[in-house]
Amino acid sequence: MQASFIVRTCVSLMPLVLMALAVEQTGEKIALKNPSFEDSPGPSKVPRGWMIVGVGSTPDIMPGAWGVQCLPQEGASFVALVTRHDGTVEDIGQRLPSPLMPNVCYTFSLYLAHSPRYVGYDLPARLRIWGSDSSNKKQLLCSSEAIAHREWRKYTFQFVPNHPMQYLILEAYYAPGVFKPYRGNVLLDNCSPIERCERA
């Protein structure tokens, strides 16, 4: 099982004064509920502590569903999200125990992989991370590349919310630069707490 450290930075420019204020605020961690998506495997199931956001989202708890037999990166299960040829995608989200604050830099990591066989949803998809003050997607905080590797790799993101956000949403999406919808998948496991970070 291989894990490599990859940094994806998705921050907007902030005035230096706001940056200094963000750095001064010390390091509380925002822990996610059930960060490794532990639950009984099965198709069309939402892991404990998570919720569906988009209409028609039917995440799968793995391994085992639809013949996907990858080992989890951590714990006994993980979650899989797909993109569809009709333009719909799958997502999951949760209400955070404390909100993300505007103009503060945060860092967050999780492990991603791809299943080359997934009942026809076989192409690589990417992960998009949204923040919101409700259960609807409001600000796109970050996005990965298309995930084409079978082994688990750690992806670390940095982002700056533009308003207070109580919800974090994880969404499968089509590869960057691809404008025709297709059937794809991305596998997720072992989310870190969300922490404040310092940026130069």
# chains A, B, ... in the order shown; residues from 1 in each chain; ligands from 1
>>> residues_around(residues="range 67-73 of chain A", least_positions_apart="6", cutoff="10 Å", atoms="only C-alpha atoms", output="tab-separated table (two decimals) with N, CA and C atoms, in the first residue's frame")
chain	number	residue	atom	x	y	z
A	1	MET	N	0.85	-1.19	0.00
A	1	MET	CA	0.00	0.00	0.00
A	1	MET	C	0.88	1.24	0.00
A	2	GLN	N	0.79	2.08	-1.00
A	2	GLN	CA	1.68	3.21	-1.18
A	2	GLN	C	0.94	4.50	-0.86
A	3	ALA	N	1.62	5.40	-0.19
A	3	ALA	CA	1.04	6.72	0.08
A	3	ALA	C	2.06	7.77	-0.26
A	36	SER	N	-13.12	8.14	8.38
A	36	SER	CA	-12.69	7.04	7.51
A	36	SER	C	-13.86	6.28	6.91
A	37	PHE	N	-15.06	6.86	7.02
A	37	PHE	CA	-16.25	6.30	6.36
A	37	PHE	C	-16.50	4.85	6.81
A	38	GLU	N	-16.39	4.61	8.12
A	38	GLU	CA	-16.61	3.26	8.64
A	38	GLU	C	-18.10	2.95	8.72
A	79	VAL	N	-15.38	4.99	1.07
A	79	VAL	CA	-16.55	5.38	0.28
A	79	VAL	C	-16.13	5.62	-1.16
A	80	ALA	N	-17.04	5.35	-2.08
A	80	ALA	CA	-16.81	5.57	-3.51
A	80	ALA	C	-17.91	6.49	-4.04
A	110	LEU	N	-6.80	13.89	2.73
A	110	LEU	CA	-7.46	12.59	2.70
A	110	LEU	C	-6.76	11.74	1.65
A	111	TYR	N	-7.10	10.46	1.63
A	111	TYR	CA	-6.50	9.53	0.67
A	111	TYR	C	-7.49	9.27	-0.46
A	112	LEU	N	-6.96	9.25	-1.69
A	112	LEU	CA	-7.77	9.04	-2.88
A	112	LEU	C	-7.18	7.91	-3.72
A	113	ALA	N	-8.07	7.21	-4.43
A	113	ALA	CA	-7.66	6.14	-5.36
A	113	ALA	C	-8.75	6.01	-6.42
A	114	HIS	N	-8.49	5.12	-7.37
A	114	HIS	CA	-9.41	4.88	-8.48
A	114	HIS	C	-9.56	3.38	-8.68
A	115	SER	N	-10.78	2.94	-8.97
A	115	SER	CA	-11.02	1.54	-9.31
A	115	SER	C	-11.17	1.42	-10.83
A	116	PRO	N	-10.29	0.63	-11.50
A	116	PRO	CA	-10.39	0.51	-12.95
A	116	PRO	C	-11.63	-0.25	-13.42
A	117	ARG	N	-12.27	-0.98	-12.49
A	117	ARG	CA	-13.52	-1.68	-12.83
A	117	ARG	C	-14.58	-1.30	-11.80
A	118	TYR	N	-15.70	-0.76	-12.31
A	118	TYR	CA	-16.75	-0.29	-11.40
A	118	TYR	C	-18.07	-0.31	-12.16
A	119	VAL	N	-18.49	-1.47	-12.59
A	119	VAL	CA	-19.72	-1.70	-13.36
A	119	VAL	C	-19.96	-0.63	-14.43
A	150	ARG	N	-4.45	3.32	-8.88
A	150	ARG	CA	-5.18	2.32	-8.10
A	150	ARG	C	-4.79	2.33	-6.63
A	151	GLU	N	-3.53	2.68	-6.34
A	151	GLU	CA	-3.06	2.67	-4.95
A	151	GLU	C	-3.52	3.95	-4.26
A	152	TRP	N	-3.65	3.87	-2.94
A	152	TRP	CA	-4.04	5.05	-2.16
A	152	TRP	C	-2.89	6.05	-2.12
A	153	ARG	N	-3.21	7.32	-2.35
A	153	ARG	CA	-2.24	8.40	-2.22
A	153	ARG	C	-2.86	9.52	-1.40
A	154	LYS	N	-2.03	10.14	-0.58
A	154	LYS	CA	-2.50	11.22	0.27
A	154	LYS	C	-2.48	12.54	-0.50
A	187	LEU	N	-12.35	7.03	-5.21
A	187	LEU	CA	-12.45	6.37	-3.92
A	187	LEU	C	-11.84	7.27	-2.85
A	188	LEU	N	-12.48	7.35	-1.67
A	188	LEU	CA	-12.06	8.26	-0.60
A	188	LEU	C	-11.90	7.50	0.70
A	189	ASP	N	-10.86	7.86	1.47
A	189	ASP	CA	-10.67	7.26	2.79
A	189	ASP	C	-9.82	8.18	3.67
A	190	ASN	N	-9.97	8.02	4.97
A	190	ASN	CA	-9.06	8.56	5.99
A	190	ASN	C	-8.87	10.07	5.88
>>> residues_around(residues="Lys29 in chain A", least_positions_apart="2", cutoff="10 Å", atoms="only C-alpha atoms", output="PyMOL selection string")
chain A and resi 26-27+31-32+98+106-107+192-196
>>> atom_distance(atom1="CA of His163 in chain A", atom2="CA of Trp50 in chain A")
22.4 Å
>>> residues_around(residues="Arg95 in chain A", least_positions_apart="4", cutoff="12 Å", atoms="only C-alpha atoms", output="PDB file with C-alpha atoms, in the first residue's frame")
ATOM      1  CA  ILE A  30     -12.084  20.702  13.366  1.00  0.00           C
ATOM      2  CA  ALA A  31     -12.585  16.948  13.520  1.00  0.00           C
ATOM      3  CA  LEU A  32     -14.958  15.277  11.081  1.00  0.00           C
ATOM      4  CA  LYS A  33     -17.451  12.686  12.230  1.00  0.00           C
ATOM      5  CA  GLY A  49     -22.100  10.835  10.219  1.00  0.00           C
ATOM      6  CA  TRP A  50     -22.409  11.914   6.574  1.00  0.00           C
ATOM      7  CA  MET A  51     -25.336  13.028   4.420  1.00  0.00           C
ATOM      8  CA  ILE A  52     -26.249  13.266   0.745  1.00  0.00           C
ATOM      9  CA  VAL A  53     -26.269  16.777  -0.661  1.00  0.00           C
ATOM     10  CA  PRO A  99     -17.559  26.790  11.346  1.00  0.00           C
ATOM     11  CA  LEU A 100     -14.806  27.605   8.906  1.00  0.00           C
ATOM     12  CA  GLY A 131     -17.887  24.776   1.650  1.00  0.00           C
ATOM     13  CA  SER A 132     -21.273  26.165   2.556  1.00  0.00           C
ATOM     14  CA  ASP A 133     -23.325  27.883   5.229  1.00  0.00           C
ATOM     15  CA  SER A 134     -26.166  25.473   4.401  1.00  0.00           C
ATOM     16  CA  SER A 135     -26.430  21.991   2.939  1.00  0.00           C
ATOM     17  CA  ASN A 136     -26.122  23.432  -0.592  1.00  0.00           C
ATOM     18  CA  MET A 165     -19.124  27.962   6.460  1.00  0.00           C
ATOM     19  CA  GLN A 166     -20.719  25.275   8.596  1.00  0.00           C
ATOM     20  CA  TYR A 167     -20.690  22.465   5.996  1.00  0.00           C
ATOM     21  CA  LEU A 168     -17.972  20.560   4.124  1.00  0.00           C
ATOM     22  CA  ILE A 169     -19.022  18.691   0.963  1.00  0.00           C
TER      23      ILE A 169
END
>>> select_by_dssp(residues="chain A", states="alpha helix (DSSP H)", output="MDAnalysis selection string")
chainID A and resid 16:24
>>> write_last_selection(atoms="N, CA and C atoms", output="PDB file, in the first residue's frame")
ATOM      1  N   LEU A  16      -2.605  41.603   3.069  1.00  0.00           N
ATOM      2  CA  LEU A  16      -1.613  41.193   4.064  1.00  0.00           C
ATOM      3  C   LEU A  16      -2.135  41.345   5.481  1.00  0.00           C
ATOM      4  N   VAL A  17      -2.981  42.347   5.724  1.00  0.00           N
ATOM      5  CA  VAL A  17      -3.518  42.538   7.071  1.00  0.00           C
ATOM      6  C   VAL A  17      -4.378  41.346   7.473  1.00  0.00           C
ATOM      7  N   LEU A  18      -5.254  40.904   6.549  1.00  0.00           N
ATOM      8  CA  LEU A  18      -6.104  39.753   6.853  1.00  0.00           C
ATOM      9  C   LEU A  18      -5.264  38.501   7.021  1.00  0.00           C
ATOM     10  N   MET A  19      -4.199  38.367   6.231  1.00  0.00           N
ATOM     11  CA  MET A  19      -3.320  37.215   6.361  1.00  0.00           C
ATOM     12  C   MET A  19      -2.698  37.178   7.749  1.00  0.00           C
ATOM     13  N   ALA A  20      -2.236  38.320   8.214  1.00  0.00           N
ATOM     14  CA  ALA A  20      -1.617  38.373   9.534  1.00  0.00           C
ATOM     15  C   ALA A  20      -2.618  37.999  10.624  1.00  0.00           C
ATOM     16  N   LEU A  21      -3.850  38.485  10.495  1.00  0.00           N
ATOM     17  CA  LEU A  21      -4.877  38.127  11.475  1.00  0.00           C
ATOM     18  C   LEU A  21      -5.151  36.632  11.462  1.00  0.00           C
ATOM     19  N   ALA A  22      -5.179  36.040  10.260  1.00  0.00           N
ATOM     20  CA  ALA A  22      -5.437  34.604  10.159  1.00  0.00           C
ATOM     21  C   ALA A  22      -4.353  33.804  10.839  1.00  0.00           C
ATOM     22  N   VAL A  23      -3.095  34.236  10.674  1.00  0.00           N
ATOM     23  CA  VAL A  23      -1.985  33.495  11.266  1.00  0.00           C
ATOM     24  C   VAL A  23      -2.008  33.589  12.780  1.00  0.00           C
ATOM     25  N   GLU A  24      -2.444  34.758  13.308  1.00  0.00           N
ATOM     26  CA  GLU A  24      -2.459  34.949  14.751  1.00  0.00           C
ATOM     27  C   GLU A  24      -3.475  34.032  15.435  1.00  0.00           C
TER      28      GLU A  24
END
>>> closest_residue(among="A:Val160, A:Asp86, A:Pro35, A:Val186", to="Cys105 in chain A", atoms="only C-alpha atoms")
A:Val160
>>> select_by_dssp(residues="range 14-118 of chain A", states="strand (DSSP E)", output="PyMOL selection string")
chain A and resi 29-30+60-62+78-83+91-100+106-113
>>> write_last_selection(atoms="N, CA and C atoms", output="compact mmCIF listing (two decimals), in the first residue's frame")
# COMPACT_ATOMS: atom_id res chain seq x y z
N LYS A 29 -8.39 22.37 15.89
CA LYS A 29 -8.67 21.39 14.85
C LYS A 29 -10.17 21.16 14.78
N ILE A 30 -10.67 21.03 13.57
CA ILE A 30 -12.08 20.70 13.37
C ILE A 30 -12.13 19.24 12.92
N ASP A 60 -21.46 4.64 -2.44
CA ASP A 60 -21.32 3.22 -2.10
C ASP A 60 -20.25 3.06 -1.03
N ILE A 61 -20.55 2.24 -0.01
CA ILE A 61 -19.57 1.92 1.01
C ILE A 61 -18.84 0.65 0.59
N MET A 62 -17.55 0.74 0.51
CA MET A 62 -16.69 -0.33 0.00
C MET A 62 -15.81 -0.89 1.12
N PHE A 78 -14.36 2.18 3.14
CA PHE A 78 -14.13 3.48 2.53
C PHE A 78 -15.35 3.82 1.70
N VAL A 79 -15.38 4.99 1.07
CA VAL A 79 -16.55 5.38 0.28
C VAL A 79 -16.13 5.62 -1.16
N ALA A 80 -17.04 5.35 -2.08
CA ALA A 80 -16.81 5.57 -3.51
C ALA A 80 -17.91 6.49 -4.04
N LEU A 81 -17.51 7.44 -4.88
CA LEU A 81 -18.42 8.37 -5.53
C LEU A 81 -18.23 8.27 -7.03
N VAL A 82 -19.31 8.44 -7.80
CA VAL A 82 -19.21 8.32 -9.26
C VAL A 82 -19.70 9.58 -9.95
N THR A 83 -19.26 9.72 -11.20
CA THR A 83 -19.81 10.70 -12.14
C THR A 83 -20.61 9.92 -13.17
N ASP A 91 -22.08 12.98 -4.25
CA ASP A 91 -21.38 13.71 -3.21
C ASP A 91 -21.83 13.25 -1.84
N ILE A 92 -21.06 13.61 -0.84
CA ILE A 92 -21.46 13.45 0.56
C ILE A 92 -20.96 14.67 1.31
N GLY A 93 -21.59 14.98 2.44
CA GLY A 93 -21.15 16.13 3.22
C GLY A 93 -21.54 15.95 4.67
N GLN A 94 -21.11 16.91 5.49
CA GLN A 94 -21.53 16.91 6.88
C GLN A 94 -21.42 18.30 7.48
N ARG A 95 -22.22 18.52 8.52
CA ARG A 95 -22.17 19.77 9.27
C ARG A 95 -20.98 19.70 10.21
N LEU A 96 -20.14 20.71 10.17
CA LEU A 96 -18.95 20.73 11.00
C LEU A 96 -19.29 21.14 12.43
N PRO A 97 -18.54 20.65 13.42
CA PRO A 97 -18.82 21.02 14.81
C PRO A 97 -18.54 22.48 15.11
N SER A 98 -17.67 23.12 14.33
CA SER A 98 -17.45 24.56 14.43
C SER A 98 -17.21 25.09 13.02
N PRO A 99 -17.60 26.31 12.73
CA PRO A 99 -17.56 26.79 11.35
C PRO A 99 -16.15 27.13 10.87
N LEU A 100 -15.97 27.04 9.56
CA LEU A 100 -14.81 27.61 8.91
C LEU A 100 -15.02 29.11 8.82
N TYR A 106 -6.94 27.28 5.80
CA TYR A 106 -7.13 25.95 6.38
C TYR A 106 -6.41 24.91 5.54
N THR A 107 -6.04 23.81 6.21
CA THR A 107 -5.47 22.67 5.50
C THR A 107 -6.25 21.41 5.86
N PHE A 108 -6.33 20.51 4.90
CA PHE A 108 -7.16 19.29 5.04
C PHE A 108 -6.57 18.24 4.10
N SER A 109 -6.52 17.00 4.55
CA SER A 109 -6.00 15.93 3.69
C SER A 109 -6.90 14.70 3.76
N LEU A 110 -6.80 13.89 2.73
CA LEU A 110 -7.46 12.59 2.70
C LEU A 110 -6.76 11.74 1.65
N TYR A 111 -7.10 10.46 1.63
CA TYR A 111 -6.50 9.53 0.67
C TYR A 111 -7.49 9.27 -0.46
N LEU A 112 -6.96 9.25 -1.69
CA LEU A 112 -7.77 9.04 -2.88
C LEU A 112 -7.18 7.91 -3.72
N ALA A 113 -8.07 7.21 -4.43
CA ALA A 113 -7.66 6.14 -5.36
C ALA A 113 -8.75 6.01 -6.42
>>> residues_around(residues="Pro176 in chain A", least_positions_apart="2", cutoff="8 Å", atoms="only C-alpha atoms", output="MDAnalysis selection string")
chainID A and resid 126 145:146 174 178
>>> write_last_selection(atoms="C-alpha atoms", output="PDB file, in the first residue's frame")
ATOM      1  CA  ARG A 126     -11.520  14.040  -9.581  1.00  0.00           C
ATOM      2  CA  GLU A 145      -6.489  16.286 -10.552  1.00  0.00           C
ATOM      3  CA  ALA A 146      -8.238  13.318 -12.153  1.00  0.00           C
ATOM      4  CA  TYR A 174     -15.219  15.097 -14.318  1.00  0.00           C
ATOM      5  CA  VAL A 178     -13.263  17.519 -20.089  1.00  0.00           C
TER       6      VAL A 178
END
>>> closest_residue(among="A:Gly75, A:Val89, A:Phe159, A:Val46", to="Cys191 in chain A", atoms="only C-alpha atoms")
A:Gly75
